[in-house]
Amino acid sequence: MPSFSLAHLHAAVLFVALLLSGCVTDNRHRMVVSVADQKMIVLRDGQPFTMYPISTSKFGVGDTPGSYATPLGVLRVKEKIGHGLPPGSVFKSRQPTGEVLVIDAPGRDPIVTRILWLEGLDNKNRNAYRRYIYIHGTPEERNIGKRVSYGCIRMKSKDVIELFNTVGLNSKILITPNPLPPTLTMAVPQRDSQNLSSSR
């Protein structure tokens with residue numbers, strides 16, 4: 001009996017470790033990013049779950065290497081980086097530097113807090129992973145909701161932490177140039193709609 005219990009405990013610990021590291025495939029969550037609206041809706045089991053303000057590229061949309069554009073189409077979360085780091089943690093080449101920035105730190109615009117590295121699943125976004133297209137935090141939260149990035153999808157630190165903790169590896173994201181359908185936005189729980197409005 002003791003060995004049976006220890007085996008189950010070991011399996012549970014391993015599962016939790018895999019879950020926290022983002023190694024468990026996520027089939028429950030989907031994300032939809034609207035370039036027109038500068039918003040992201042997260043779906044859970046096909047139903048709107050939450051909505052966030054985001055920022056896409058100042059250089060428009062596309063997947064040409066060197067264009068700094070945001071790719072369109074269906075992508076997936078291939079890697080998750082930064083679990084457990086404090087908000088504002090600075091990354092360089094996907095490695096934490098140890099520096100932590102406050103919101104809207106003057107003169108600073110690095111990748112911070114969390115990284116969800118995206119891989120394109122369509123022919124039109126096949127370069128996304130090699131182009132280092134991420135969903136990531138930004139210290140320039142005053143610009144969230146505007147097209148200011150260099151190809152990535154930027155989020156506020158508190159929002160990207162919540163998203164990081166919600167979606168797992170292989171969760172899909174659709175990036176569209178079109179506005180979000182009203183049927184989706186109106187179905188988002190009211191508390192999230194209020195949070196979105198107050199954060200713009």
# chains A, B, ... in the order shown; residues from 1 in each chain; ligands from 1
>>> residues_around(residues="Ile135 of chain A", least_positions_apart="4", cutoff="9 Å", atoms="only C-alpha atoms", output="number ranges by chain")
A: 114-118, 152-155, 160
>>> residues_around(residues="segment 27-38 of chain A", least_positions_apart="5", cutoff="10 Å", atoms="only C-alpha atoms", output="number ranges by chain")
A: 43-57, 60-61, 70, 72-76, 144-147, 153-154, 163, 166-181, 184
>>> write_last_selection(atoms="N, CA and C atoms", output="compact mmCIF listing (two decimals), in the first residue's frame")
# COMPACT_ATOMS: atom_id res chain seq x y z
N LEU A 43 -11.20 31.84 -26.01
CA LEU A 43 -12.33 30.92 -25.95
C LEU A 43 -11.94 29.71 -25.12
N ARG A 44 -12.85 29.28 -24.27
CA ARG A 44 -12.67 28.05 -23.52
C ARG A 44 -13.79 27.10 -23.90
N ASP A 45 -13.44 25.94 -24.43
CA ASP A 45 -14.42 24.97 -24.90
C ASP A 45 -15.40 25.61 -25.88
N GLY A 46 -14.88 26.51 -26.71
CA GLY A 46 -15.69 27.13 -27.76
C GLY A 46 -16.48 28.33 -27.33
N GLN A 47 -16.44 28.68 -26.04
CA GLN A 47 -17.21 29.80 -25.53
C GLN A 47 -16.30 30.95 -25.13
N PRO A 48 -16.69 32.21 -25.43
CA PRO A 48 -15.87 33.35 -25.00
C PRO A 48 -15.64 33.31 -23.50
N PHE A 49 -14.38 33.47 -23.11
CA PHE A 49 -13.97 33.33 -21.71
C PHE A 49 -13.46 34.65 -21.15
N THR A 50 -12.63 35.33 -21.92
CA THR A 50 -12.11 36.62 -21.49
C THR A 50 -11.62 37.39 -22.71
N MET A 51 -11.37 38.69 -22.51
CA MET A 51 -10.93 39.54 -23.61
C MET A 51 -9.89 40.52 -23.09
N TYR A 52 -8.87 40.78 -23.93
CA TYR A 52 -7.78 41.66 -23.54
C TYR A 52 -7.50 42.70 -24.63
N PRO A 53 -7.05 43.89 -24.24
CA PRO A 53 -6.50 44.81 -25.23
C PRO A 53 -5.08 44.37 -25.58
N ILE A 54 -4.71 44.52 -26.83
CA ILE A 54 -3.37 44.10 -27.27
C ILE A 54 -2.81 45.15 -28.23
N SER A 55 -1.59 44.93 -28.69
CA SER A 55 -1.00 45.77 -29.73
C SER A 55 -0.33 44.88 -30.77
N THR A 56 -0.62 45.16 -32.04
CA THR A 56 0.06 44.47 -33.13
C THR A 56 1.04 45.44 -33.81
N SER A 57 1.56 45.05 -34.94
CA SER A 57 2.68 45.77 -35.55
C SER A 57 2.32 47.13 -36.12
N GLY A 60 2.09 46.94 -40.10
CA GLY A 60 1.01 46.25 -40.79
C GLY A 60 1.06 44.74 -40.61
N VAL A 61 0.47 44.03 -41.56
CA VAL A 61 0.35 42.58 -41.44
C VAL A 61 1.12 41.90 -42.57
N THR A 70 2.94 41.79 -38.46
CA THR A 70 2.26 40.74 -37.70
C THR A 70 1.64 39.74 -38.67
N LEU A 72 -0.80 36.90 -40.27
CA LEU A 72 -2.22 36.55 -40.17
C LEU A 72 -2.38 35.04 -40.27
N GLY A 73 -3.59 34.56 -39.93
CA GLY A 73 -3.91 33.14 -40.06
C GLY A 73 -3.85 32.41 -38.74
N VAL A 74 -3.78 31.09 -38.83
CA VAL A 74 -3.80 30.23 -37.64
C VAL A 74 -2.38 29.86 -37.24
N LEU A 75 -2.07 30.08 -35.97
CA LEU A 75 -0.78 29.73 -35.39
C LEU A 75 -1.03 28.93 -34.12
N ARG A 76 0.05 28.41 -33.54
CA ARG A 76 -0.08 27.70 -32.26
C ARG A 76 1.01 28.16 -31.31
N ILE A 144 -0.73 50.18 -25.25
CA ILE A 144 -1.56 49.00 -25.55
C ILE A 144 -2.88 49.47 -26.16
N GLY A 145 -3.30 48.79 -27.21
CA GLY A 145 -4.49 49.20 -27.95
C GLY A 145 -4.14 49.97 -29.21
N LYS A 146 -2.83 50.26 -29.38
CA LYS A 146 -2.36 50.93 -30.59
C LYS A 146 -1.44 49.98 -31.36
N ARG A 147 -1.29 50.22 -32.64
CA ARG A 147 -0.41 49.40 -33.48
C ARG A 147 1.02 49.92 -33.36
N ILE A 153 2.67 40.31 -30.71
CA ILE A 153 1.44 40.75 -30.05
C ILE A 153 1.81 41.13 -28.64
N ARG A 154 1.67 42.40 -28.32
CA ARG A 154 2.04 42.91 -27.00
C ARG A 154 0.82 42.93 -26.08
N LEU A 163 -2.94 35.14 -19.24
CA LEU A 163 -3.02 34.33 -20.46
C LEU A 163 -2.06 33.16 -20.39
N THR A 166 -3.34 30.46 -18.41
CA THR A 166 -4.61 29.90 -18.90
C THR A 166 -4.40 28.94 -20.05
N VAL A 167 -3.61 29.35 -21.05
CA VAL A 167 -3.46 28.54 -22.26
C VAL A 167 -2.19 27.71 -22.19
N GLY A 168 -2.23 26.55 -22.82
CA GLY A 168 -1.09 25.65 -22.81
C GLY A 168 -0.46 25.52 -24.18
N LEU A 169 0.53 24.65 -24.27
CA LEU A 169 1.18 24.40 -25.55
C LEU A 169 0.19 23.85 -26.56
N ASN A 170 0.40 24.24 -27.81
CA ASN A 170 -0.42 23.82 -28.94
C ASN A 170 -1.80 24.46 -28.99
N SER A 171 -2.11 25.33 -28.04
CA SER A 171 -3.37 26.07 -28.15
C SER A 171 -3.26 26.96 -29.39
N LYS A 172 -4.36 27.06 -30.12
CA LYS A 172 -4.36 27.76 -31.41
C LYS A 172 -4.73 29.22 -31.24
N ILE A 173 -4.20 30.04 -32.14
CA ILE A 173 -4.54 31.45 -32.19
C ILE A 173 -4.82 31.84 -33.63
N LEU A 174 -5.94 32.50 -33.86
CA LEU A 174 -6.28 33.04 -35.17
C LEU A 174 -6.04 34.54 -35.12
N ILE A 175 -5.18 35.03 -36.01
CA ILE A 175 -4.95 36.47 -36.13
C ILE A 175 -5.63 36.93 -37.41
N THR A 176 -6.60 37.82 -37.25
CA THR A 176 -7.41 38.28 -38.38
C THR A 176 -7.32 39.79 -38.53
N PRO A 177 -7.38 40.30 -39.77
CA PRO A 177 -7.38 41.75 -39.94
C PRO A 177 -8.75 42.36 -39.64
N ASN A 178 -9.76 41.51 -39.49
CA ASN A 178 -11.14 41.96 -39.37
C ASN A 178 -11.56 42.24 -37.93
N PRO A 179 -12.61 43.03 -37.75
CA PRO A 179 -13.15 43.23 -36.40
C PRO A 179 -13.68 41.91 -35.82
N LEU A 180 -13.71 41.84 -34.50
CA LEU A 180 -14.29 40.67 -33.84
C LEU A 180 -15.80 40.67 -34.04
N PRO A 181 -16.40 39.52 -34.27
CA PRO A 181 -17.86 39.46 -34.41
C PRO A 181 -18.56 39.91 -33.12
N LEU A 184 -19.34 37.37 -30.50
CA LEU A 184 -18.28 36.94 -29.59
C LEU A 184 -18.06 37.97 -28.48
>>> residues_around(residues="Asp63 of chain A", least_positions_apart="6", cutoff="8 Å", atoms="only C-alpha atoms", output="list in words")
Ala69, Thr70, Pro71, Leu72, Lys124, Asn125, Arg126, Asn127 and Ala128 of chain A
>>> select_by_dssp(residues="chain A", states="strand (DSSP E or B)", output="PyMOL selection string")
chain A and resi 25+29-34+39-44+47-53+55+57+61+70+73-81+89-92+95-100+111-120+134-137+149+153-155+169+172-176
>>> closest_residue(among="A:Pro106, A:Gln95, A:Phe59, A:Gly82", to="His136 of chain A", atoms="only C-alpha atoms")
A:Gly82
>>> residues_around(residues="segment 98-101 of chain A", least_positions_apart="3", cutoff="8 Å", atoms="only C-alpha atoms", output="ChimeraX atom specification")
/A:86-90,105,139
>>> select_by_dssp(residues="segment 128-188 of chain A", states="alpha helix (DSSP H)", output="PDB file with N, CA and C atoms, in the first residue's frame")
ATOM      1  N   SER A 157       1.437  43.422 -18.610  1.00  0.00           N
ATOM      2  CA  SER A 157       2.054  42.336 -17.840  1.00  0.00           C
ATOM      3  C   SER A 157       1.025  41.504 -17.096  1.00  0.00           C
ATOM      4  N   LYS A 158       0.060  42.133 -16.444  1.00  0.00           N
ATOM      5  CA  LYS A 158      -0.933  41.372 -15.681  1.00  0.00           C
ATOM      6  C   LYS A 158      -1.775  40.496 -16.612  1.00  0.00           C
ATOM      7  N   ASP A 159      -2.021  40.995 -17.827  1.00  0.00           N
ATOM      8  CA  ASP A 159      -2.825  40.233 -18.787  1.00  0.00           C
ATOM      9  C   ASP A 159      -2.048  39.067 -19.376  1.00  0.00           C
ATOM     10  N   VAL A 160      -0.770  39.292 -19.707  1.00  0.00           N
ATOM     11  CA  VAL A 160       0.004  38.206 -20.317  1.00  0.00           C
ATOM     12  C   VAL A 160       0.294  37.117 -19.284  1.00  0.00           C
ATOM     13  N   ILE A 161       0.411  37.483 -18.010  1.00  0.00           N
ATOM     14  CA  ILE A 161       0.568  36.459 -16.969  1.00  0.00           C
ATOM     15  C   ILE A 161      -0.700  35.612 -16.882  1.00  0.00           C
ATOM     16  N   GLU A 162      -1.846  36.269 -16.899  1.00  0.00           N
ATOM     17  CA  GLU A 162      -3.114  35.534 -16.840  1.00  0.00           C
ATOM     18  C   GLU A 162      -3.267  34.626 -18.049  1.00  0.00           C
ATOM     19  N   LEU A 163      -2.938  35.143 -19.244  1.00  0.00           N
ATOM     20  CA  LEU A 163      -3.024  34.327 -20.456  1.00  0.00           C
ATOM     21  C   LEU A 163      -2.055  33.156 -20.392  1.00  0.00           C
ATOM     22  N   PHE A 164      -0.832  33.406 -19.974  1.00  0.00           N
ATOM     23  CA  PHE A 164       0.203  32.377 -19.842  1.00  0.00           C
ATOM     24  C   PHE A 164      -0.264  31.250 -18.927  1.00  0.00           C
ATOM     25  N   ASN A 165      -0.951  31.613 -17.847  1.00  0.00           N
ATOM     26  CA  ASN A 165      -1.438  30.622 -16.890  1.00  0.00           C
ATOM     27  C   ASN A 165      -2.711  29.922 -17.354  1.00  0.00           C
ATOM     28  N   THR A 166      -3.344  30.464 -18.407  1.00  0.00           N
ATOM     29  CA  THR A 166      -4.606  29.903 -18.899  1.00  0.00           C
ATOM     30  C   THR A 166      -4.395  28.943 -20.052  1.00  0.00           C
ATOM     31  N   PRO A 182     -19.593  40.743 -33.226  1.00  0.00           N
ATOM     32  CA  PRO A 182     -20.327  41.169 -32.026  1.00  0.00           C
ATOM     33  C   PRO A 182     -20.867  40.002 -31.206  1.00  0.00           C
ATOM     34  N   THR A 183     -21.176  38.884 -31.881  1.00  0.00           N
ATOM     35  CA  THR A 183     -21.673  37.718 -31.148  1.00  0.00           C
ATOM     36  C   THR A 183     -20.636  37.190 -30.164  1.00  0.00           C
ATOM     37  N   LEU A 184     -19.345  37.368 -30.496  1.00  0.00           N
ATOM     38  CA  LEU A 184     -18.283  36.944 -29.588  1.00  0.00           C
ATOM     39  C   LEU A 184     -18.062  37.968 -28.480  1.00  0.00           C
ATOM     40  N   THR A 185     -17.919  39.245 -28.866  1.00  0.00           N
ATOM     41  CA  THR A 185     -17.596  40.262 -27.868  1.00  0.00           C
ATOM     42  C   THR A 185     -18.713  40.435 -26.848  1.00  0.00           C
TER      43      THR A 185
END
>>> closest_residue(among="A:Tyr150, A:Lys80, A:Glu141, A:Lys156", to="Pro65 of chain A", atoms="only C-alpha atoms")
A:Tyr150
>>> atom_distance(atom1="atom CA of Leu121 of chain A", atom2="atom CA of Gly151 of chain A")
16.8 Å
